[in-house]
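*Asks:* Sending over a structure as structure tokens; questions will come in a sec.
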Amino acid sequence: MANKISDETIEYVGILAKLELSGEEKENAKADMEKMLDYIDILNELDTDGAEPMSHVFPVHNVFREDAVSGVDGSADTLVNAPLKKDNSFKVPKTIG
Amino acid sequence: MAKQYETVIGLEVHVELATKTKIFCSCSTEFGGAPNTHTCPVCTGMPGALPVLNKKVVEYAMAIGLATNCEITRVCKFDRKNYFYPDNPQNYQISQLYLPIARNGFVEIETGSTKKKVRIHEMHMEEDAGKLIHDEWDDTSLVDYNRSGVPLVEIVSEPDMRSADEVIAYLEKLRTIIQYLGASDCKLQEGSMRADVNLSVREAGTEPFGTRTEMKNLNSFKAIARAIEGERERQIELLEAGKSVIQETRRWDDNKESSYAMRSKEDAQDYRYFPEPDLVPIVISDQWIDQIRARQPELRTEKLERYKKEFDIPQYDAEIITSSKHMADIFEAAAAICGKPKKVSNWLMVETLRLLKDHGMEPEDLRFSPENLAKLVSLTESGAINSSVAKEVFEKIFAEDVDPEAYVEEHGLKMVNDEGALEEVLKKVIADNPRAVEDYRGGKEKALGALVGQTMKLMKGKANPGLVNQKLKEML
Ligand SMILES: [Zn+2]
């Protein structure tokens, strides 16, 4: 295993992902991530000079919609699973914009 | 000697596009709906929902790119920008990082008598976020996703501006271009155009840029100018005190005329962008670009030249009228109806500008119809009303878009051309003002003015001043 994930890195990734990890979970996640990075290293051994970066596997492009309004008031469906709601809106803890 | 500093400014401008529907779903973009009524599984980030790109968004973005001298990226695609915030139901914003739709453009700006180019680094398409409203009662936030998924373009300039004047000239230029294209109404107050200011200072004559800050929440040109002044001073003070500027995002409070550092959500800068797997690439052909180019409407410079030639309008007036697409539209429509372009131009240049200034309004806020302005011109030209009545009626048109014909009729404002009635009044005026009459007869031409004034007053401004003058002279 060439790659090492530091405690700071796992802490940082946890913050970005909004995850609270226990000590044991952190160790497991570190090992998993190290394995992933090792695998990327294998991929990096390939000579990709001149190869176009690919973000989609299918040779499909230009899938568009016309600019026409459809649909009705979607608020009931949108809010149906809201844990808290008020005034037709989701109610969430106070968030400073 | 005190050090001299130079301000270096780059802008990120968000513009809401004037499409009928959102960027990835067919929900309406209309303003003012009750919360969450313009939502569906796509724009609320429900699992499994599939975004499909609105073709009109690409076409508006191309039109703006072409009009700002950008290169259009022939194969472009979307990326996910990941962050957690309640205004963002997907936990990522669909944007463009790696292959934005347009790059390497510029616009030319003019400040005073100097012209300069402000380069555009890139322009990309993305979706807007929802709106958070603070609920005082519960001390919670209420989330409305009606704006979530409304299409935006973000135009990123190079750090080419050196003063607030240049920044405002650049924004006005962008706004005019985009309004003329019909791609957005670009209202700062309403948020359909938003500018974030990246600013740093450096000692005059030095090369490297200083550390920059990003300023948000600027919703008028005046606020932008004040924020630039304030931030420039703040940074210079720090440097003079031997401290350093911290790279951060600051929020401008225009009431307090000061900014404060926004609470940094830990490492919010780390957006972990990756290609959006749900949207396929966009391939833009020469043919498509030619089509968009061919469809570009007459832009401001062309319109200005045409007004001078076609309507014989002076350069300055043509500049003012074309500075707002909305005002230019009113001008052309009214001129076409009444056939008196110069008269229409006069109403816009004098009374309209005066009233806009009095009310602190922008030309974009004009709400009267060209039909009513045209009718007013016709009423004045035919001699049905005199110029002081016309001004009074115009104020009504400006405020409430009244129909001047009906208004004049209703309020009995038609000019009195009845010579008999006029003579009656004149007799009274002559009888009541023996001194002025004597003075006039004694050779004091000026005394006539006082008598005309008295007559107009008695006739409640409805007399024809030419006729009053003529008759008065005859009778004296
Ligand atoms: Zn939707």
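The way I read the labels, and the way they are meant: chains A, B, ... in the order of the structure tokens, residue 1 as the first residue of every chain, and ligand 1 as the first ligand shown, with later ones counted on from there.
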List as JSON, numbers by chain the protein and nucleic acid residues near Lys55 in chain B, meaning an atom at most 6 Å away when only C-alpha atoms are counted, but skip any in the same chain fewer than 3 places from it.
*Replies:* {"A": [64, 65, 66], "B": [58]}
*Asks:* What are the residues of chain A that have an atom within 9 Å of an atom of chain B, counting only C-alpha atoms, as a ChimeraX atom specification?
*Replies:* /A:12,15-18,55-56,58-79,85-97
*Asks:* Find the residues near Met33 in chain A: any atom within 12 Å, counting only C-alpha atoms, skip ones fewer than 2 places away on the same chain, and give them as a PyMOL selection string.
*Replies:* chain A and resi 1-6+9-10+13+26-31+35-40
*Asks:* Based on the backbone DSSP call, show me all residues of range 98-128 of chain B assigned strand (DSSP E or B), as a list in words.
*Replies:*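 Answer for range 98-128 of chain B restricted to strand (DSSP E or B) is Ala102, Arg103, Asn104, Gly105, Phe106, Val107, Glu108, Ile109, Glu110, Thr111, Thr114, Lys115, Lys116, Lys117, Val118, Arg119, Ile120, His121, Glu122, Met123, His124, Met125, Glu126 and Glu127 of chain B.
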*Asks:* Save out the residues we just selected, N, CA and C atoms, as a PDB file, in the first residue's frame.
*Replies:*
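Resulting contents of part-v5.pdb:
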```pdb
ATOM      1  N   ALA B 102     -18.429  29.363 -23.120  1.00  0.00           N
ATOM      2  CA  ALA B 102     -17.743  30.426 -23.859  1.00  0.00           C
ATOM      3  C   ALA B 102     -16.495  30.857 -23.105  1.00  0.00           C
ATOM      4  N   ARG B 103     -15.467  31.253 -23.869  1.00  0.00           N
ATOM      5  CA  ARG B 103     -14.206  31.681 -23.241  1.00  0.00           C
ATOM      6  C   ARG B 103     -13.540  32.795 -24.042  1.00  0.00           C
ATOM      7  N   ASN B 104     -12.615  33.464 -23.375  1.00  0.00           N
ATOM      8  CA  ASN B 104     -11.735  34.434 -24.054  1.00  0.00           C
ATOM      9  C   ASN B 104     -12.458  35.520 -24.829  1.00  0.00           C
ATOM     10  N   GLY B 105     -13.337  36.223 -24.166  1.00  0.00           N
ATOM     11  CA  GLY B 105     -14.025  37.321 -24.834  1.00  0.00           C
ATOM     12  C   GLY B 105     -13.557  38.663 -24.302  1.00  0.00           C
ATOM     13  N   PHE B 106     -14.251  39.700 -24.696  1.00  0.00           N
ATOM     14  CA  PHE B 106     -13.977  41.027 -24.139  1.00  0.00           C
ATOM     15  C   PHE B 106     -15.137  41.953 -24.462  1.00  0.00           C
ATOM     16  N   VAL B 107     -15.270  43.000 -23.665  1.00  0.00           N
ATOM     17  CA  VAL B 107     -16.164  44.100 -24.044  1.00  0.00           C
ATOM     18  C   VAL B 107     -15.367  45.387 -23.914  1.00  0.00           C
ATOM     19  N   GLU B 108     -15.786  46.374 -24.679  1.00  0.00           N
ATOM     20  CA  GLU B 108     -15.089  47.651 -24.637  1.00  0.00           C
ATOM     21  C   GLU B 108     -15.877  48.588 -23.740  1.00  0.00           C
ATOM     22  N   ILE B 109     -15.185  49.259 -22.825  1.00  0.00           N
ATOM     23  CA  ILE B 109     -15.883  50.204 -21.951  1.00  0.00           C
ATOM     24  C   ILE B 109     -15.310  51.601 -22.144  1.00  0.00           C
ATOM     25  N   GLU B 110     -16.114  52.579 -21.762  1.00  0.00           N
ATOM     26  CA  GLU B 110     -15.694  53.967 -21.877  1.00  0.00           C
ATOM     27  C   GLU B 110     -15.903  54.646 -20.540  1.00  0.00           C
ATOM     28  N   THR B 111     -14.856  55.256 -19.995  1.00  0.00           N
ATOM     29  CA  THR B 111     -15.035  56.072 -18.789  1.00  0.00           C
ATOM     30  C   THR B 111     -14.417  57.423 -19.098  1.00  0.00           C
ATOM     31  N   THR B 114     -11.715  57.930 -21.897  1.00  0.00           N
ATOM     32  CA  THR B 114     -10.834  56.784 -22.161  1.00  0.00           C
ATOM     33  C   THR B 114     -11.625  55.521 -22.462  1.00  0.00           C
ATOM     34  N   LYS B 115     -11.112  54.805 -23.459  1.00  0.00           N
ATOM     35  CA  LYS B 115     -11.716  53.530 -23.819  1.00  0.00           C
ATOM     36  C   LYS B 115     -10.771  52.434 -23.389  1.00  0.00           C
ATOM     37  N   LYS B 116     -11.337  51.324 -22.918  1.00  0.00           N
ATOM     38  CA  LYS B 116     -10.454  50.177 -22.663  1.00  0.00           C
ATOM     39  C   LYS B 116     -11.226  48.878 -22.807  1.00  0.00           C
ATOM     40  N   LYS B 117     -10.464  47.814 -22.979  1.00  0.00           N
ATOM     41  CA  LYS B 117     -11.082  46.496 -23.110  1.00  0.00           C
ATOM     42  C   LYS B 117     -11.068  45.800 -21.762  1.00  0.00           C
ATOM     43  N   VAL B 118     -12.196  45.208 -21.387  1.00  0.00           N
ATOM     44  CA  VAL B 118     -12.201  44.343 -20.219  1.00  0.00           C
ATOM     45  C   VAL B 118     -12.369  42.930 -20.761  1.00  0.00           C
ATOM     46  N   ARG B 119     -11.386  42.088 -20.458  1.00  0.00           N
ATOM     47  CA  ARG B 119     -11.425  40.725 -21.002  1.00  0.00           C
ATOM     48  C   ARG B 119     -12.364  39.834 -20.204  1.00  0.00           C
ATOM     49  N   ILE B 120     -13.014  38.939 -20.904  1.00  0.00           N
ATOM     50  CA  ILE B 120     -13.874  37.953 -20.247  1.00  0.00           C
ATOM     51  C   ILE B 120     -13.126  36.627 -20.241  1.00  0.00           C
ATOM     52  N   HIS B 121     -12.927  36.105 -19.044  1.00  0.00           N
ATOM     53  CA  HIS B 121     -12.181  34.857 -18.921  1.00  0.00           C
ATOM     54  C   HIS B 121     -13.025  33.695 -19.418  1.00  0.00           C
ATOM     55  N   GLU B 122     -14.223  33.593 -18.873  1.00  0.00           N
ATOM     56  CA  GLU B 122     -15.125  32.535 -19.333  1.00  0.00           C
ATOM     57  C   GLU B 122     -16.551  32.827 -18.938  1.00  0.00           C
ATOM     58  N   MET B 123     -17.477  32.122 -19.576  1.00  0.00           N
ATOM     59  CA  MET B 123     -18.883  32.234 -19.212  1.00  0.00           C
ATOM     60  C   MET B 123     -19.461  30.825 -19.169  1.00  0.00           C
ATOM     61  N   HIS B 124     -20.165  30.510 -18.090  1.00  0.00           N
ATOM     62  CA  HIS B 124     -20.752  29.172 -18.024  1.00  0.00           C
ATOM     63  C   HIS B 124     -22.226  29.201 -17.654  1.00  0.00           C
ATOM     64  N   MET B 125     -22.888  28.081 -17.939  1.00  0.00           N
ATOM     65  CA  MET B 125     -24.317  27.940 -17.623  1.00  0.00           C
ATOM     66  C   MET B 125     -24.437  27.212 -16.290  1.00  0.00           C
ATOM     67  N   GLU B 126     -25.430  27.555 -15.513  1.00  0.00           N
ATOM     68  CA  GLU B 126     -25.665  26.831 -14.264  1.00  0.00           C
ATOM     69  C   GLU B 126     -27.086  27.073 -13.772  1.00  0.00           C
ATOM     70  N   GLU B 127     -27.425  26.394 -12.677  1.00  0.00           N
ATOM     71  CA  GLU B 127     -28.776  26.551 -12.138  1.00  0.00           C
ATOM     72  C   GLU B 127     -28.744  27.410 -10.885  1.00  0.00           C
TER      73      GLU B 127
END
```
*Asks:* Work out how far apart CA of Lys462 in chain B and CA of Ile385 in chain B are and give it in Å to one decimal.
*Replies:*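 According to the coordinates, CA of Lys462 in chain B and CA of Ile385 in chain B are separated by 7.1 Å.
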*Asks:* For Ser324 in chain B, find every residue with an atom within 12 Å (counting only C-alpha atoms), except residues of its own chain fewer than 6 positions away, and show them as an mmCIF file with N, CA and C atoms, in the first residue's frame.
*Replies:*
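So the final result, stored in out_19.cif, reads:
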```cif
data_model
loop_
_atom_site.group_PDB
_atom_site.id
_atom_site.type_symbol
_atom_site.label_atom_id
_atom_site.label_comp_id
_atom_site.auth_asym_id
_atom_site.auth_seq_id
_atom_site.Cartn_x
_atom_site.Cartn_y
_atom_site.Cartn_z
ATOM 1 N N GLU B 172 -22.689 48.154 -16.926
ATOM 2 C CA GLU B 172 -23.691 48.787 -17.796
ATOM 3 C C GLU B 172 -23.580 48.247 -19.210
ATOM 4 N N LYS B 173 -22.348 48.028 -19.625
ATOM 5 C CA LYS B 173 -22.130 47.495 -20.970
ATOM 6 C C LYS B 173 -22.726 46.089 -21.085
ATOM 7 N N LEU B 174 -22.415 45.235 -20.115
ATOM 8 C CA LEU B 174 -22.955 43.876 -20.144
ATOM 9 C C LEU B 174 -24.476 43.910 -20.120
ATOM 10 N N ARG B 175 -25.008 44.767 -19.247
ATOM 11 C CA ARG B 175 -26.457 44.853 -19.093
ATOM 12 C C ARG B 175 -27.115 45.274 -20.407
ATOM 13 N N THR B 176 -26.564 46.282 -21.046
ATOM 14 C CA THR B 176 -27.143 46.746 -22.303
ATOM 15 C C THR B 176 -27.113 45.639 -23.349
ATOM 16 N N ILE B 177 -25.973 44.977 -23.476
ATOM 17 C CA ILE B 177 -25.852 43.908 -24.483
ATOM 18 C C ILE B 177 -26.896 42.819 -24.224
ATOM 19 N N ILE B 178 -26.989 42.400 -22.971
ATOM 20 C CA ILE B 178 -27.874 41.276 -22.651
ATOM 21 C C ILE B 178 -29.345 41.672 -22.787
ATOM 22 N N GLN B 179 -29.652 42.910 -22.396
ATOM 23 C CA GLN B 179 -31.038 43.374 -22.568
ATOM 24 C C GLN B 179 -31.400 43.457 -24.047
ATOM 25 N N TYR B 180 -30.496 43.967 -24.847
ATOM 26 C CA TYR B 180 -30.774 44.055 -26.281
ATOM 27 C C TYR B 180 -30.974 42.677 -26.892
ATOM 28 N N LEU B 181 -30.222 41.695 -26.382
ATOM 29 C CA LEU B 181 -30.389 40.328 -26.889
ATOM 30 C C LEU B 181 -31.704 39.728 -26.422
ATOM 31 N N GLY B 182 -32.320 40.356 -25.429
ATOM 32 C CA GLY B 182 -33.557 39.809 -24.864
ATOM 33 C C GLY B 182 -33.277 38.590 -23.993
ATOM 34 N N ASP B 185 -33.646 40.537 -18.247
ATOM 35 C CA ASP B 185 -33.962 41.947 -17.997
ATOM 36 C C ASP B 185 -32.881 42.604 -17.130
ATOM 37 N N CYS B 186 -31.978 41.813 -16.559
ATOM 38 C CA CYS B 186 -30.805 42.341 -15.841
ATOM 39 C C CYS B 186 -31.149 43.401 -14.805
ATOM 40 N N LYS B 187 -32.016 43.066 -13.856
ATOM 41 C CA LYS B 187 -32.334 44.034 -12.814
ATOM 42 C C LYS B 187 -31.558 43.710 -11.556
ATOM 43 N N LEU B 299 -28.063 45.493 -32.151
ATOM 44 C CA LEU B 299 -27.522 45.859 -30.844
ATOM 45 C C LEU B 299 -27.429 47.380 -30.730
ATOM 46 N N ARG B 300 -26.987 47.833 -29.593
ATOM 47 C CA ARG B 300 -27.090 49.256 -29.300
ATOM 48 C C ARG B 300 -26.354 50.157 -30.295
ATOM 49 N N THR B 301 -25.111 49.798 -30.608
ATOM 50 C CA THR B 301 -24.316 50.652 -31.498
ATOM 51 C C THR B 301 -25.008 50.845 -32.843
ATOM 52 N N LYS B 303 -28.210 50.503 -33.475
ATOM 53 C CA LYS B 303 -29.451 51.249 -33.275
ATOM 54 C C LYS B 303 -29.153 52.752 -33.179
ATOM 55 N N LEU B 304 -28.101 53.057 -32.440
ATOM 56 C CA LEU B 304 -27.725 54.455 -32.239
ATOM 57 C C LEU B 304 -27.446 55.138 -33.590
ATOM 58 N N ALA B 318 -29.546 60.257 -28.887
ATOM 59 C CA ALA B 318 -29.580 58.857 -29.321
ATOM 60 C C ALA B 318 -28.871 57.973 -28.305
ATOM 61 N N ILE B 330 -39.833 51.893 -26.490
ATOM 62 C CA ILE B 330 -40.920 52.863 -26.341
ATOM 63 C C ILE B 330 -40.782 53.937 -27.418
ATOM 64 N N PHE B 331 -39.558 54.414 -27.595
ATOM 65 C CA PHE B 331 -39.315 55.460 -28.595
ATOM 66 C C PHE B 331 -39.758 55.009 -29.982
ATOM 67 N N LEU B 348 -38.996 62.069 -24.136
ATOM 68 C CA LEU B 348 -38.138 61.145 -23.390
ATOM 69 C C LEU B 348 -36.953 61.890 -22.779
ATOM 70 N N GLU B 362 -35.085 53.856 -12.729
ATOM 71 C CA GLU B 362 -34.272 53.528 -13.893
ATOM 72 C C GLU B 362 -35.186 53.508 -15.117
ATOM 73 N N PRO B 363 -34.607 53.722 -16.321
ATOM 74 C CA PRO B 363 -35.441 53.645 -17.538
ATOM 75 C C PRO B 363 -36.187 52.309 -17.647
ATOM 76 N N GLU B 364 -35.576 51.265 -17.086
ATOM 77 C CA GLU B 364 -36.223 49.940 -17.123
ATOM 78 C C GLU B 364 -37.557 49.936 -16.383
ATOM 79 N N ASP B 365 -37.719 50.889 -15.463
ATOM 80 C CA ASP B 365 -38.946 50.918 -14.661
ATOM 81 C C ASP B 365 -40.086 51.651 -15.353
ATOM 82 N N LEU B 366 -39.843 52.211 -16.528
ATOM 83 C CA LEU B 366 -40.913 52.940 -17.228
ATOM 84 C C LEU B 366 -42.078 52.000 -17.494
#
```
*Asks:* Could you give me the residues within chain A that DSSP places in alpha helix (DSSP H), as number ranges by chain?
*Replies:* A: 7-16, 23-44, 75-79
*Asks:* Need to verify the contact set: Glu381 in chain B, 10 Å, only C-alpha atoms, exclusion of same-chain residues closer than 6 positions in sequence. Can you return it as a list in words?
*Replies:*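 Contacts, in chain order: Cys338, Lys340, Lys343, Lys375 and Ser387 of chain B.
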*Asks:* What does the structure give for the distance between CA of Arg226 in chain B and CA of Tyr170 in chain B, in Å to one decimal?
*Replies:*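 These atoms are spaced 16.2 Å apart.
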*Asks:* Using only C-alpha atoms and all ligand atoms, pick whichever of B:Val150, B:Ile9, B:Cys70, B:Leu422 has the shortest atom-to-atom distance to ligand 1.
*Replies:*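 Closest residue, counting only C-alpha atoms and all ligand atoms: B:Val150.
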*Asks:* For a test of reading the model, state the distance in Å between CA of Ile321 in chain B and CA of Ala294 in chain B, rounded to one decimal.
*Replies:* 25.0 Å
